[in-house]
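File shown: query30.tsv. Contents: TSV, C-alpha atoms and all ligand atoms.
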```
chain	number	residue	atom	x	y	z
J	1	MET	CA	32.34	-25.32	-11.27
J	2	LYS	CA	31.51	-24.10	-7.77
J	3	ILE	CA	30.65	-20.74	-6.23
J	4	THR	CA	33.44	-19.92	-3.77
J	5	ASP	CA	32.80	-16.31	-2.71
J	6	ILE	CA	29.92	-13.84	-2.52
J	7	HIS	CA	30.85	-10.17	-2.19
J	8	VAL	CA	28.05	-7.72	-1.31
J	9	TRP	CA	28.10	-3.95	-1.76
J	10	GLN	CA	25.49	-1.40	-0.70
J	11	LEU	CA	24.89	1.57	-3.02
J	12	GLU	CA	22.89	4.64	-2.10
J	13	LEU	CA	21.32	5.86	-5.34
J	14	PRO	CA	19.82	9.37	-5.06
J	15	LEU	CA	17.24	10.20	-7.73
J	16	SER	CA	17.92	13.27	-9.85
J	17	LYS	CA	14.61	14.73	-8.58
J	18	PRO	CA	11.80	13.54	-6.28
J	19	TYR	CA	9.47	11.01	-7.91
J	20	TYR	CA	5.78	10.63	-7.03
J	21	LEU	CA	3.52	7.63	-7.52
J	22	SER	CA	-0.02	6.68	-6.74
J	23	GLY	CA	-1.54	10.15	-6.84
J	24	GLY	CA	1.38	11.63	-4.91
J	25	ARG	CA	0.93	9.51	-1.76
J	26	LEU	CA	4.25	7.75	-2.44
J	27	LYS	CA	7.37	9.89	-2.75
J	28	PHE	CA	10.84	8.60	-3.62
J	29	GLU	CA	14.17	10.44	-3.33
J	30	CYS	CA	16.84	7.74	-2.90
J	31	LEU	CA	17.11	4.02	-3.65
J	32	ASP	CA	19.01	1.45	-1.57
J	33	SER	CA	20.67	-0.98	-3.96
J	34	THR	CA	22.61	-4.18	-3.30
J	35	LEU	CA	25.21	-5.41	-5.77
J	36	VAL	CA	26.67	-8.89	-5.54
J	37	ARG	CA	29.66	-10.52	-7.21
J	38	LEU	CA	29.79	-14.30	-7.24
J	39	ASP	CA	33.26	-15.79	-7.70
J	40	THR	CA	33.91	-19.38	-8.77
J	41	ASP	CA	36.71	-21.90	-8.45
J	42	GLN	CA	37.34	-21.54	-12.20
J	43	GLY	CA	38.09	-17.82	-12.09
J	44	VAL	CA	34.80	-16.69	-13.67
J	45	SER	CA	32.76	-14.10	-11.75
J	46	GLY	CA	29.21	-12.83	-12.23
J	47	TRP	CA	27.37	-9.68	-11.14
J	48	GLY	CA	23.82	-9.13	-9.99
J	49	GLU	CA	21.77	-6.34	-8.44
J	50	SER	CA	18.75	-6.11	-6.16
J	51	CYS	CA	17.21	-2.66	-5.90
J	52	PRO	CA	13.68	-2.18	-4.58
J	53	TRP	CA	12.01	1.11	-5.54
J	54	GLY	CA	12.16	2.46	-2.01
J	55	ASN	CA	10.35	0.65	0.79
J	56	THR	CA	6.77	1.57	-0.12
J	57	TYR	CA	6.38	0.44	-3.71
J	58	LEU	CA	6.46	-3.33	-3.15
J	59	PRO	CA	6.90	-5.68	-0.19
J	60	ALA	CA	10.67	-5.39	-0.66
J	61	HIS	CA	13.34	-3.71	1.43
J	62	GLY	CA	16.91	-2.65	0.59
J	63	ALA	CA	18.42	-3.70	3.91
J	64	GLY	CA	16.22	-6.79	3.80
J	65	ALA	CA	17.95	-7.90	0.60
J	66	ARG	CA	21.32	-7.91	2.36
J	67	ALA	CA	19.92	-9.70	5.41
J	68	ALA	CA	18.33	-12.30	3.15
J	69	ILE	CA	21.58	-12.81	1.22
J	70	SER	CA	23.34	-13.60	4.51
J	71	THR	CA	20.74	-16.35	5.06
J	72	LEU	CA	20.92	-17.56	1.45
J	73	ALA	CA	24.73	-17.66	1.23
J	74	PRO	CA	25.24	-21.12	2.84
J	75	ALA	CA	22.76	-22.61	0.36
J	76	VAL	CA	24.51	-20.98	-2.62
J	77	LEU	CA	28.20	-21.47	-1.79
J	78	GLY	CA	29.62	-24.66	-3.27
J	79	ARG	CA	26.90	-24.94	-5.94
J	80	ASP	CA	27.35	-24.81	-9.69
J	81	PRO	CA	26.10	-21.34	-10.76
J	82	ARG	CA	25.20	-22.63	-14.22
J	83	ALA	CA	22.53	-24.92	-12.71
J	84	LEU	CA	19.96	-22.14	-12.54
J	85	GLU	CA	16.92	-24.22	-11.60
J	86	ASP	CA	18.86	-26.06	-8.86
J	87	ILE	CA	20.23	-22.79	-7.44
J	88	ASN	CA	16.73	-21.30	-7.37
J	89	ARG	CA	15.27	-24.40	-5.71
J	90	ALA	CA	18.05	-24.32	-3.10
J	91	MET	CA	17.38	-20.63	-2.38
J	92	GLN	CA	13.62	-21.24	-2.09
J	93	CYS	CA	14.24	-24.11	0.34
J	94	GLN	CA	16.62	-22.02	2.45
J	95	LEU	CA	14.38	-18.93	2.54
J	96	PRO	CA	10.86	-19.07	1.09
J	97	GLY	CA	9.70	-15.80	-0.46
J	98	HIS	CA	11.90	-12.68	-0.56
J	99	PRO	CA	12.19	-12.79	-4.38
J	100	TYR	CA	13.77	-9.31	-4.53
J	101	ALA	CA	16.80	-10.58	-2.57
J	102	LYS	CA	17.20	-13.72	-4.68
J	103	SER	CA	17.15	-11.67	-7.86
J	104	ALA	CA	20.74	-10.41	-7.42
J	105	ILE	CA	22.12	-13.94	-6.98
J	106	ASP	CA	20.10	-15.36	-9.85
J	107	ILE	CA	21.21	-12.57	-12.23
J	108	ALA	CA	24.86	-13.14	-11.25
J	109	CYS	CA	24.44	-16.86	-12.05
J	110	TRP	CA	23.08	-15.98	-15.52
J	111	ASP	CA	26.11	-13.70	-16.01
J	112	ILE	CA	28.44	-16.62	-15.22
J	113	LEU	CA	26.48	-18.99	-17.49
J	114	GLY	CA	26.80	-16.50	-20.35
J	115	LYS	CA	30.52	-16.03	-19.80
J	116	CYS	CA	31.14	-19.80	-19.60
J	117	THR	CA	29.19	-20.49	-22.79
J	118	GLU	CA	30.55	-17.33	-24.48
J	119	GLN	CA	27.00	-16.21	-25.26
J	120	PRO	CA	25.18	-12.95	-24.52
J	121	LEU	CA	22.12	-13.50	-22.32
J	122	TRP	CA	19.67	-12.50	-25.05
J	123	ARG	CA	20.86	-15.52	-27.06
J	124	LEU	CA	20.56	-17.88	-24.08
J	125	MET	CA	17.01	-16.55	-23.72
J	126	GLY	CA	16.13	-17.51	-27.27
J	127	ALA	CA	16.95	-14.69	-29.69
J	128	GLU	CA	18.97	-14.96	-32.89
J	129	SER	CA	20.12	-11.34	-32.72
J	130	ALA	CA	20.17	-8.44	-30.27
J	131	ASN	CA	16.82	-6.91	-31.15
J	132	GLU	CA	16.28	-3.22	-30.52
J	133	VAL	CA	13.82	-2.56	-27.69
J	134	ALA	CA	11.49	0.45	-27.56
J	135	LEU	CA	11.81	2.42	-24.33
J	136	ASN	CA	9.08	4.12	-22.39
J	137	SER	CA	9.38	7.22	-20.29
J	138	SER	CA	8.13	7.32	-16.71
J	139	ILE	CA	6.12	10.43	-15.96
J	140	SER	CA	5.82	11.32	-12.27
J	141	THR	CA	2.35	12.22	-10.91
J	142	GLY	CA	1.46	15.92	-11.02
J	143	ASP	CA	-1.06	18.35	-12.39
J	144	PRO	CA	-1.89	17.82	-16.07
J	145	ASP	CA	0.34	20.72	-17.17
J	146	GLU	CA	3.27	19.45	-15.10
J	147	MET	CA	2.87	15.98	-16.58
J	148	LEU	CA	2.65	17.34	-20.14
J	149	ALA	CA	5.89	19.27	-19.50
J	150	LEU	CA	7.59	16.04	-18.37
J	151	ILE	CA	6.30	14.28	-21.48
J	152	GLU	CA	7.77	17.07	-23.61
J	153	GLN	CA	11.14	16.56	-21.86
J	154	ALA	CA	10.91	12.82	-22.47
J	155	ARG	CA	10.05	13.44	-26.13
J	156	SER	CA	13.22	15.51	-26.50
J	157	ALA	CA	15.16	12.45	-25.25
J	158	GLY	CA	13.55	10.37	-28.02
J	159	TYR	CA	10.72	8.70	-26.11
J	160	THR	CA	7.51	8.07	-28.05
J	161	VAL	CA	6.01	5.65	-25.51
J	162	HIS	CA	5.09	7.03	-22.11
J	163	SER	CA	4.05	5.65	-18.75
J	164	ALA	CA	2.09	8.35	-16.96
J	165	LYS	CA	1.61	7.88	-13.22
J	166	ILE	CA	-1.90	8.78	-12.06
J	167	GLY	CA	-4.24	7.66	-9.28
J	168	GLY	CA	-5.43	9.13	-6.02
J	169	ASP	CA	-8.60	10.11	-4.27
J	170	ASN	CA	-9.32	13.07	-6.57
J	171	THR	CA	-11.08	11.36	-9.45
J	172	ALA	CA	-11.78	14.67	-11.23
J	173	LEU	CA	-8.04	15.33	-11.36
J	174	ASP	CA	-7.40	11.87	-12.77
J	175	ILE	CA	-10.04	12.41	-15.45
J	176	ALA	CA	-8.32	15.72	-16.28
J	177	ARG	CA	-4.89	14.04	-16.43
J	178	ILE	CA	-6.08	11.30	-18.78
J	179	ASN	CA	-7.97	13.69	-21.05
J	180	ALA	CA	-5.07	16.17	-21.22
J	181	ILE	CA	-2.35	13.60	-21.91
J	182	SER	CA	-4.33	11.33	-24.21
J	183	GLY	CA	-5.62	14.33	-26.15
J	184	ALA	CA	-2.18	15.92	-26.54
J	185	LEU	CA	-0.25	12.92	-27.84
J	186	PRO	CA	0.55	12.82	-31.55
J	187	SER	CA	-0.63	9.72	-33.40
J	188	ASP	CA	2.84	8.15	-33.41
J	189	GLU	CA	3.10	8.22	-29.61
J	190	SER	CA	1.35	6.10	-26.99
J	191	VAL	CA	0.77	6.14	-23.26
J	192	THR	CA	-0.05	3.73	-20.46
J	193	PHE	CA	-1.78	5.24	-17.44
J	194	ASP	CA	-0.20	3.56	-14.43
J	195	VAL	CA	-2.42	3.91	-11.36
J	196	ASN	CA	-0.05	2.03	-9.05
J	197	ARG	CA	-3.03	0.46	-7.20
J	198	ALA	CA	-4.32	3.82	-5.93
J	199	TRP	CA	-7.98	3.50	-6.92
J	200	THR	CA	-10.85	1.72	-5.25
J	201	PRO	CA	-12.87	-0.25	-7.79
J	202	ALA	CA	-15.54	2.47	-7.55
J	203	ASP	CA	-12.99	5.19	-8.36
J	204	ALA	CA	-11.68	3.17	-11.28
J	205	LEU	CA	-15.14	2.62	-12.78
J	206	LYS	CA	-15.98	6.30	-12.35
J	207	VAL	CA	-12.79	7.56	-14.01
J	208	LEU	CA	-12.56	5.01	-16.80
J	209	GLY	CA	-16.24	5.37	-17.63
J	210	SER	CA	-15.80	9.15	-17.99
J	211	VAL	CA	-12.94	9.28	-20.48
J	212	ASP	CA	-12.74	8.57	-24.20
J	213	SER	CA	-9.17	7.29	-23.95
J	214	ARG	CA	-8.67	3.62	-24.81
J	215	ASP	CA	-5.04	3.62	-23.72
J	216	TRP	CA	-3.66	0.89	-21.45
J	217	ILE	CA	-4.54	1.10	-17.76
J	218	GLU	CA	-2.00	-0.45	-15.38
J	219	GLN	CA	-2.66	-1.91	-11.90
J	220	PRO	CA	-5.75	0.22	-11.15
J	221	CYS	CA	-6.37	-1.22	-7.66
J	222	GLU	CA	-4.52	-3.00	-4.87
J	223	THR	CA	-5.53	-6.62	-5.36
J	224	LEU	CA	-5.98	-8.98	-8.26
J	225	GLU	CA	-9.68	-9.38	-7.41
J	226	GLN	CA	-10.27	-5.61	-7.37
J	227	CYS	CA	-8.42	-5.26	-10.68
J	228	ARG	CA	-10.58	-8.07	-12.10
J	229	GLN	CA	-13.77	-6.26	-11.10
J	230	VAL	CA	-12.54	-3.22	-13.00
J	231	ALA	CA	-11.10	-4.95	-16.07
J	232	LYS	CA	-14.29	-6.92	-16.75
J	233	ALA	CA	-16.36	-3.72	-16.71
J	234	VAL	CA	-14.32	-1.16	-18.64
J	235	ALA	CA	-13.45	-0.63	-22.30
J	236	GLN	CA	-9.75	0.05	-21.72
J	237	PRO	CA	-7.22	-2.82	-21.82
J	238	VAL	CA	-5.88	-3.48	-18.32
J	239	LEU	CA	-2.46	-4.84	-17.41
J	240	LEU	CA	-1.12	-5.98	-14.06
J	241	ASP	CA	2.09	-5.13	-12.21
J	242	GLU	CA	2.39	-4.96	-8.42
J	243	CYS	CA	-0.05	-7.76	-7.56
J	244	LEU	CA	1.96	-10.41	-9.44
J	245	HIS	CA	4.64	-12.13	-7.38
J	246	THR	CA	4.44	-15.90	-7.70
J	247	ASP	CA	3.79	-18.25	-10.61
J	248	ASN	CA	0.41	-18.94	-9.02
J	249	ASP	CA	-0.47	-15.23	-9.06
J	250	HIS	CA	0.05	-15.25	-12.83
J	251	LEU	CA	-2.08	-18.37	-13.27
J	252	GLN	CA	-4.87	-16.87	-11.16
J	253	ALA	CA	-4.73	-13.69	-13.25
J	254	TRP	CA	-4.92	-15.70	-16.47
J	255	LYS	CA	-7.90	-17.70	-15.17
J	256	THR	CA	-9.95	-14.52	-14.82
J	257	GLY	CA	-9.81	-14.05	-18.60
J	258	VAL	CA	-10.08	-10.27	-18.36
J	259	PHE	CA	-6.50	-8.99	-18.47
J	260	ALA	CA	-4.59	-8.19	-21.65
J	261	GLY	CA	-1.05	-7.87	-20.36
J	262	LEU	CA	1.44	-7.57	-17.55
J	263	LYS	CA	4.74	-6.13	-16.41
J	264	ILE	CA	7.58	-8.58	-15.94
J	265	LYS	CA	10.23	-7.40	-13.47
J	266	PRO	CA	13.08	-9.69	-12.38
J	267	ASN	CA	13.40	-8.02	-8.98
J	268	ARG	CA	9.70	-8.54	-8.20
J	269	LEU	CA	9.71	-12.17	-9.39
J	270	GLY	CA	13.05	-13.45	-8.06
J	271	GLY	CA	15.46	-12.94	-10.94
J	272	LEU	CA	15.86	-13.70	-14.63
J	273	THR	CA	15.00	-17.40	-14.24
J	274	ALA	CA	11.54	-16.62	-12.86
J	275	ALA	CA	11.09	-13.64	-15.20
J	276	LYS	CA	11.88	-15.78	-18.25
J	277	ARG	CA	9.41	-18.43	-17.06
J	278	MET	CA	6.63	-15.80	-16.81
J	279	ARG	CA	7.70	-14.28	-20.15
J	280	ASP	CA	7.28	-17.69	-21.76
J	281	LEU	CA	3.89	-18.17	-20.07
J	282	ALA	CA	2.77	-14.73	-21.28
J	283	LEU	CA	3.89	-15.53	-24.83
J	284	SER	CA	1.94	-18.78	-24.84
J	285	ILE	CA	-1.31	-17.28	-23.54
J	286	GLY	CA	-1.17	-14.14	-25.67
J	287	TRP	CA	-0.53	-11.43	-23.11
J	288	CYS	CA	1.35	-8.27	-24.06
J	289	MET	CA	4.18	-7.33	-21.72
J	290	HIS	CA	6.55	-4.66	-20.59
J	291	ILE	CA	9.85	-6.18	-19.41
J	292	GLU	CA	12.01	-3.99	-17.17
J	293	ASP	CA	13.35	-4.01	-13.64
J	294	VAL	CA	11.99	-2.32	-10.53
J	295	GLY	CA	14.91	0.10	-10.22
J	296	GLY	CA	18.65	0.28	-9.78
J	297	THR	CA	21.70	0.96	-11.87
J	298	ALA	CA	22.29	0.10	-15.51
J	299	LEU	CA	23.22	-3.41	-14.30
J	300	ALA	CA	19.66	-4.31	-13.26
J	301	ASP	CA	18.29	-2.52	-16.33
J	302	THR	CA	20.58	-4.44	-18.67
J	303	ALA	CA	19.58	-7.81	-17.21
J	304	ALA	CA	15.93	-7.01	-17.97
J	305	ILE	CA	16.76	-5.67	-21.44
J	306	HIS	CA	18.45	-8.96	-22.38
J	307	LEU	CA	15.11	-10.68	-21.66
J	308	ALA	CA	13.08	-7.97	-23.39
J	309	SER	CA	15.27	-8.12	-26.48
J	310	SER	CA	14.69	-11.86	-26.79
J	311	THR	CA	10.91	-11.44	-26.59
J	312	PRO	CA	9.11	-11.25	-29.94
J	313	GLU	CA	6.94	-8.37	-31.02
J	314	PRO	CA	4.05	-7.60	-31.04
J	315	GLN	CA	3.68	-9.05	-27.53
J	316	ARG	CA	6.71	-7.09	-26.36
J	317	LEU	CA	5.69	-3.56	-25.43
J	318	ALA	CA	8.22	-0.94	-24.33
J	319	SER	CA	10.79	-1.19	-21.53
J	320	TRP	CA	11.96	1.37	-18.98
J	321	LEU	CA	15.50	2.24	-17.91
J	322	GLY	CA	15.42	3.04	-14.21
J	323	HIS	CA	18.98	4.35	-14.21
J	324	ALA	CA	17.79	7.35	-16.24
J	325	HIS	CA	16.24	8.65	-12.98
J	326	LEU	CA	19.48	8.50	-10.95
J	327	ARG	CA	21.56	11.55	-10.06
J	328	ASP	CA	24.80	9.58	-10.47
J	329	ASP	CA	25.76	6.80	-12.84
J	330	PRO	CA	28.16	4.31	-11.24
J	331	LEU	CA	28.34	2.28	-14.47
J	332	GLU	CA	28.88	5.12	-16.87
J	333	GLY	CA	28.69	4.05	-20.50
J	334	GLN	CA	28.02	0.39	-19.74
J	335	GLY	CA	25.02	-1.80	-20.50
J	336	ALA	CA	21.70	-0.87	-22.08
J	337	ARG	CA	21.41	2.87	-22.75
J	338	ASN	CA	18.78	5.14	-24.25
J	339	LEU	CA	19.62	5.66	-27.91
J	340	GLY	CA	16.85	8.06	-28.89
J	341	GLY	CA	13.94	6.14	-27.39
J	342	HIS	CA	15.35	2.67	-28.08
J	343	CYS	CA	18.09	0.51	-26.64
J	344	LYS	CA	19.94	-2.70	-27.41
J	345	PRO	CA	21.50	-5.21	-25.04
J	346	PRO	CA	25.28	-5.69	-25.28
J	347	GLU	CA	26.61	-8.31	-27.70
J	348	LEU	CA	29.49	-9.72	-25.61
J	349	PRO	CA	29.12	-12.85	-23.42
J	350	GLY	CA	27.09	-12.76	-20.20
J	351	LEU	CA	25.35	-9.71	-18.87
J	352	CYS	CA	28.25	-7.65	-20.23
J	353	VAL	CA	28.28	-5.12	-17.39
J	354	GLU	CA	31.52	-5.09	-15.38
J	355	PRO	CA	31.30	-2.64	-12.47
J	356	ASP	CA	34.43	-0.82	-11.28
J	357	GLU	CA	34.22	-1.96	-7.67
J	358	SER	CA	36.80	0.63	-6.58
J	359	LEU	CA	33.91	3.14	-6.89
J	360	PHE	CA	31.82	1.25	-4.30
J	361	GLY	CA	34.15	1.22	-1.30
J	362	LYS	CA	34.58	-1.89	0.82
J	363	PRO	CA	32.04	-4.69	0.49
J	364	VAL	CA	29.54	-4.68	3.35
J	365	ALA	CA	29.70	-8.46	3.49
J	366	ARG	CA	31.71	-11.37	2.17
J	367	TYR	CA	30.66	-15.03	2.37
J	368	ARG	CA	33.06	-17.86	1.51
J	401	MG	MG	3.59	-0.13	-12.85
```

In structure tokens, write the structure found in this file.
Amino acid sequence: MKITDIHVWQLELPLSKPYYLSGGRLKFECLDSTLVRLDTDQGVSGWGESCPWGNTYLPAHGAGARAAISTLAPAVLGRDPRALEDINRAMQCQLPGHPYAKSAIDIACWDILGKCTEQPLWRLMGAESANEVALNSSISTGDPDEMLALIEQARSAGYTVHSAKIGGDNTALDIARINAISGALPSDESVTFDVNRAWTPADALKVLGSVDSRDWIEQPCETLEQCRQVAKAVAQPVLLDECLHTDNDHLQAWKTGVFAGLKIKPNRLGGLTAAKRMRDLALSIGWCMHIEDVGGTALADTAAIHLASSTPEPQRLASWLGHAHLRDDPLEGQGARNLGGHCKPPELPGLCVEPDESLFGKPVARYR
């Protein structure tokens, strides 16, 4: 089996309302997504998506994904899409780095592998059945009352696990946010406070030493070393997100011995192949993990949910569905969906998301 064609579409994905991170310094209103369809000489096609969360969240760029795919295409065409490790090695040789761009191609290869073997991806990733996955809300940064109102909205959609975005240079406001949210949650709900690297280590120590909350704290500072300084000194469990890119980043984080978990995101790591490798590492060393993608349509979400569903509890924490934040839904009804605070991956072979490409207009590129 050989890859014969790569079709690339660009999707503008407006958010249903502006979204703020990192104490409000980062604002997001529209995502730039890239969808790819790989065709093969045996008539089987696979879909993948690369959608950075804007241009300021990670070193990833919507237009950059399409430029990178034009560079990657000669290394991918003619290869067997089922040979995931070989495809990934070929992409890394052709263009080191740029994992967000490779993610779409890697996910499409998994889709083809699933279709060829007539297996859903969660089974190829090790699960006996399509396990239900708890979902977490994503609460945009605001004043404590605004954030509590968003949590109430999320609760009405079934969410009992929340990710509240805090951080900024006003440490008193962050203390107020943590105290208000942690104090208001009923005992059957939980929250992670996601700082999105906004604090200096000094800010982090000041805030976390002033609150009674022992909820998870996510990516308090910019770098791994700054996060280590914080995690070794505070009582709250700390998990990492934005500072993890390569396998070596994960090994360095593990060597510090102070972190309790991580976020695994295919788009940040380079696709499902790399995400599964880090999932397996996290399982073996005892880290807890959230598995979800960076953003995008239900296609990217569903890819991540296949991996999450195949990850055993209790190390699997909740997952997030980015498509819930979009104004429009180009894959209406397909893939992993919020069913009252939980979701399940599809049971049919492959990724089991088949976009209606007539909705996307002409491809912006085709390689053959
Ligand atoms: Mg995060």

Checklist entry - Between atom CA of J:Ala68 and atom CA of J:His98, what is the distance, to one decimal in Å? => result 7.4 Å

Selection within 8 Å of ligand MG 401 (chain J) by all atoms listed in the file, output as an mmCIF file with C-alpha atoms, in the coordinates of the input:
```cif
data_model
loop_
_atom_site.group_PDB
_atom_site.id
_atom_site.type_symbol
_atom_site.label_atom_id
_atom_site.label_comp_id
_atom_site.auth_asym_id
_atom_site.auth_seq_id
_atom_site.Cartn_x
_atom_site.Cartn_y
_atom_site.Cartn_z
ATOM 1 C CA ASP J 194 -0.200 3.560 -14.430
ATOM 2 C CA VAL J 195 -2.420 3.910 -11.360
ATOM 3 C CA ASN J 196 -0.050 2.030 -9.050
ATOM 4 C CA GLU J 218 -2.000 -0.450 -15.380
ATOM 5 C CA GLN J 219 -2.660 -1.910 -11.900
ATOM 6 C CA LEU J 240 -1.120 -5.980 -14.060
ATOM 7 C CA ASP J 241 2.090 -5.130 -12.210
ATOM 8 C CA GLU J 242 2.390 -4.960 -8.420
ATOM 9 C CA LYS J 263 4.740 -6.130 -16.410
#
```

Next on the checklist: I need the residue nearest J:Gly270 from this list: J:Pro18, J:Thr246, J:Ala303, J:Gly167. Use all atoms listed in the file for the distance.
Outcome noted: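 Among J:Pro18, J:Thr246, J:Ala303, J:Gly167, it is J:Thr246 that comes nearest to J:Gly270.
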
Excluding stretch 122-138 of chain J and any residue of its chain fewer than 3 positions from it, enumerate the residues within 9 Å of it, using only C-alpha atoms, and give them as an mmCIF file with C-alpha atoms, in the frame of the given file.
```cif
data_model
loop_
_atom_site.group_PDB
_atom_site.id
_atom_site.type_symbol
_atom_site.label_atom_id
_atom_site.label_comp_id
_atom_site.auth_asym_id
_atom_site.auth_seq_id
_atom_site.Cartn_x
_atom_site.Cartn_y
_atom_site.Cartn_z
ATOM 1 C CA LEU J 113 26.480 -18.990 -17.490
ATOM 2 C CA GLY J 114 26.800 -16.500 -20.350
ATOM 3 C CA GLN J 119 27.000 -16.210 -25.260
ATOM 4 C CA LEU J 150 7.590 16.040 -18.370
ATOM 5 C CA ILE J 151 6.300 14.280 -21.480
ATOM 6 C CA ALA J 154 10.910 12.820 -22.470
ATOM 7 C CA ARG J 155 10.050 13.440 -26.130
ATOM 8 C CA GLY J 158 13.550 10.370 -28.020
ATOM 9 C CA TYR J 159 10.720 8.700 -26.110
ATOM 10 C CA THR J 160 7.510 8.070 -28.050
ATOM 11 C CA VAL J 161 6.010 5.650 -25.510
ATOM 12 C CA HIS J 162 5.090 7.030 -22.110
ATOM 13 C CA SER J 163 4.050 5.650 -18.750
ATOM 14 C CA ALA J 164 2.090 8.350 -16.960
ATOM 15 C CA LYS J 165 1.610 7.880 -13.220
ATOM 16 C CA VAL J 191 0.770 6.140 -23.260
ATOM 17 C CA LYS J 276 11.880 -15.780 -18.250
ATOM 18 C CA ILE J 305 16.760 -5.670 -21.440
ATOM 19 C CA HIS J 306 18.450 -8.960 -22.380
ATOM 20 C CA LEU J 307 15.110 -10.680 -21.660
ATOM 21 C CA ALA J 308 13.080 -7.970 -23.390
ATOM 22 C CA SER J 309 15.270 -8.120 -26.480
ATOM 23 C CA SER J 310 14.690 -11.860 -26.790
ATOM 24 C CA THR J 311 10.910 -11.440 -26.590
ATOM 25 C CA PRO J 312 9.110 -11.250 -29.940
ATOM 26 C CA ARG J 316 6.710 -7.090 -26.360
ATOM 27 C CA LEU J 317 5.690 -3.560 -25.430
ATOM 28 C CA ALA J 318 8.220 -0.940 -24.330
ATOM 29 C CA SER J 319 10.790 -1.190 -21.530
ATOM 30 C CA TRP J 320 11.960 1.370 -18.980
ATOM 31 C CA LEU J 321 15.500 2.240 -17.910
ATOM 32 C CA GLY J 322 15.420 3.040 -14.210
ATOM 33 C CA ASN J 338 18.780 5.140 -24.250
ATOM 34 C CA GLY J 340 16.850 8.060 -28.890
ATOM 35 C CA GLY J 341 13.940 6.140 -27.390
ATOM 36 C CA HIS J 342 15.350 2.670 -28.080
ATOM 37 C CA CYS J 343 18.090 0.510 -26.640
ATOM 38 C CA LYS J 344 19.940 -2.700 -27.410
ATOM 39 C CA PRO J 345 21.500 -5.210 -25.040
ATOM 40 C CA PRO J 346 25.280 -5.690 -25.280
ATOM 41 C CA GLU J 347 26.610 -8.310 -27.700
ATOM 42 C CA GLY J 350 27.090 -12.760 -20.200
ATOM 43 C CA LEU J 351 25.350 -9.710 -18.870
#
```

Item to check | For J:Val230, the nearest of the candidates J:Gln10, J:Thr200, J:Thr71, J:Thr302, counting all atoms listed in the file | outcome: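 Checking each of J:Gln10, J:Thr200, J:Thr71, J:Thr302 against J:Val230, counting all atoms listed in the file, the winner is J:Thr200.
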
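Among the candidates J:Val294, J:Leu348, J:Leu205, J:Ile107, the residue lying nearest to J:Tyr57 is J:Val294 (atoms considered: all atoms listed in the file).
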
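We find atom CA of J:Glu225 and atom CA of J:Val207 to be spaced 18.4 Å apart.
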
Checklist entry - Expressed in Å to a single decimal, how great is the separation between atom CA of J:Asp111 and atom CA of J:Trp47? => result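 Those two atoms sit 6.4 Å apart.
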
Checklist entry - With distances taken over all atoms listed in the file, which of J:Ser45, J:Asn248, J:Thr297, J:Ser187 is nearest to J:Pro14? => result J:Thr297

Checklist entry - With only C-alpha atoms as the basis for distance, which of J:Cys288, J:Cys109, J:Leu269, J:Met278 is at the shortest distance from J:Pro52? => result J:Leu269

Next on the checklist: Please list as a list in words every residue within 10 Å of J:Asp39, counting all atoms listed in the file and excluding residues in the same chain fewer than 3 positions away.
Outcome noted: Lys2, Ile3, Thr4, Asp5, Ile6, His7, Val36, Gln42, Gly43, Val44, Ser45, Gly46, Trp47, Leu77, Pro81, Ala108, Cys109, Ile112 and Arg368 of chain J

Residues just named, written with C-alpha atoms as a PDB file, in the coordinates of the input:
```pdb
ATOM      1  CA  LYS J   2      31.510 -24.100  -7.770  1.00  0.00           C
ATOM      2  CA  ILE J   3      30.650 -20.740  -6.230  1.00  0.00           C
ATOM      3  CA  THR J   4      33.440 -19.920  -3.770  1.00  0.00           C
ATOM      4  CA  ASP J   5      32.800 -16.310  -2.710  1.00  0.00           C
ATOM      5  CA  ILE J   6      29.920 -13.840  -2.520  1.00  0.00           C
ATOM      6  CA  HIS J   7      30.850 -10.170  -2.190  1.00  0.00           C
ATOM      7  CA  VAL J  36      26.670  -8.890  -5.540  1.00  0.00           C
ATOM      8  CA  GLN J  42      37.340 -21.540 -12.200  1.00  0.00           C
ATOM      9  CA  GLY J  43      38.090 -17.820 -12.090  1.00  0.00           C
ATOM     10  CA  VAL J  44      34.800 -16.690 -13.670  1.00  0.00           C
ATOM     11  CA  SER J  45      32.760 -14.100 -11.750  1.00  0.00           C
ATOM     12  CA  GLY J  46      29.210 -12.830 -12.230  1.00  0.00           C
ATOM     13  CA  TRP J  47      27.370  -9.680 -11.140  1.00  0.00           C
ATOM     14  CA  LEU J  77      28.200 -21.470  -1.790  1.00  0.00           C
ATOM     15  CA  PRO J  81      26.100 -21.340 -10.760  1.00  0.00           C
ATOM     16  CA  ALA J 108      24.860 -13.140 -11.250  1.00  0.00           C
ATOM     17  CA  CYS J 109      24.440 -16.860 -12.050  1.00  0.00           C
ATOM     18  CA  ILE J 112      28.440 -16.620 -15.220  1.00  0.00           C
ATOM     19  CA  ARG J 368      33.060 -17.860   1.510  1.00  0.00           C
TER      20      ARG J 368
END
```

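Using all atoms listed in the file, the nearest neighbour of J:Met147 within the list J:Ala180, J:Leu15, J:Ala324, J:Cys116 is J:Ala180.
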
Checklist entry - So which residues touch J:Val211 within 10 Å, counting only C-alpha atoms, skipping near sequence neighbours fewer than 3 positions away, as a VMD selection string? => result chain J and resid 174 to 176 178 to 179 182 206 to 208 214 236
